[in-house]
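Q: Okay, here's the structure, questions in a sec.
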Amino acid sequence: MSAAALDLQRALILRLSSETALTALLGGNKIYDHPAADARLPYVSLGQTMAYDWSTASEAGHEHLVTIHVWSRA
């Protein structure tokens, strides 16, 4: 995974963790990049991330596709 993709993943976790309404619904800060096998529901986890190079001859650029999973018994 590229440095930009890791930075994006960290930023997503930080932003989602700062949403008090979300953490209240989850019953705490249960937002993971890799949840433990025994993680208690509900929680949010980041799934597959893919990055595509969209650079041109004069500009660098990437497209990032991120999957966010919401796990619950509800």
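Naming scheme: A, B, ... for chains in displayed order of the structure tokens; residues 1 onward per chain; ligands 1 onward as shown.
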Residues within 9 Å of Tyr52 of chain A, please, as number ranges by chain. Count only C-alpha atoms; anything in the same chain fewer than 4 positions from it doesn't count.

A: A: 61-65

Q: Please, which residues of chain A, numbered as in this document, come out alpha helix (DSSP H) from DSSP, as a ChimeraX atom specification?

A: /A:3-17,20-26

Q: Once DSSP has gone over the backbone, tell me which residues of chain A are in strand (DSSP E), as a PyMOL selection string.

A: chain A and resi 31-32+43-53+62-71

Q: Determine the nearest neighbour of Arg10 of chain A from the options A:Leu22, A:Gly27, A:Leu41, A:Tyr32, counting only C-alpha atoms.

A: A:Tyr32

Q: Please identify all polymer residues within 12 Å of Leu14 of chain A, counting only C-alpha atoms, omitting same-chain residues fewer than 4 positions from it, and present them as a PyMOL selection string.

A: chain A and resi 7-10+18-20+23+29-33

Q: Using atom CA of Arg40 of chain A and atom CA of Ala74 of chain A as the two end points, give the distance in Å to one decimal.

A: 13.2 Å
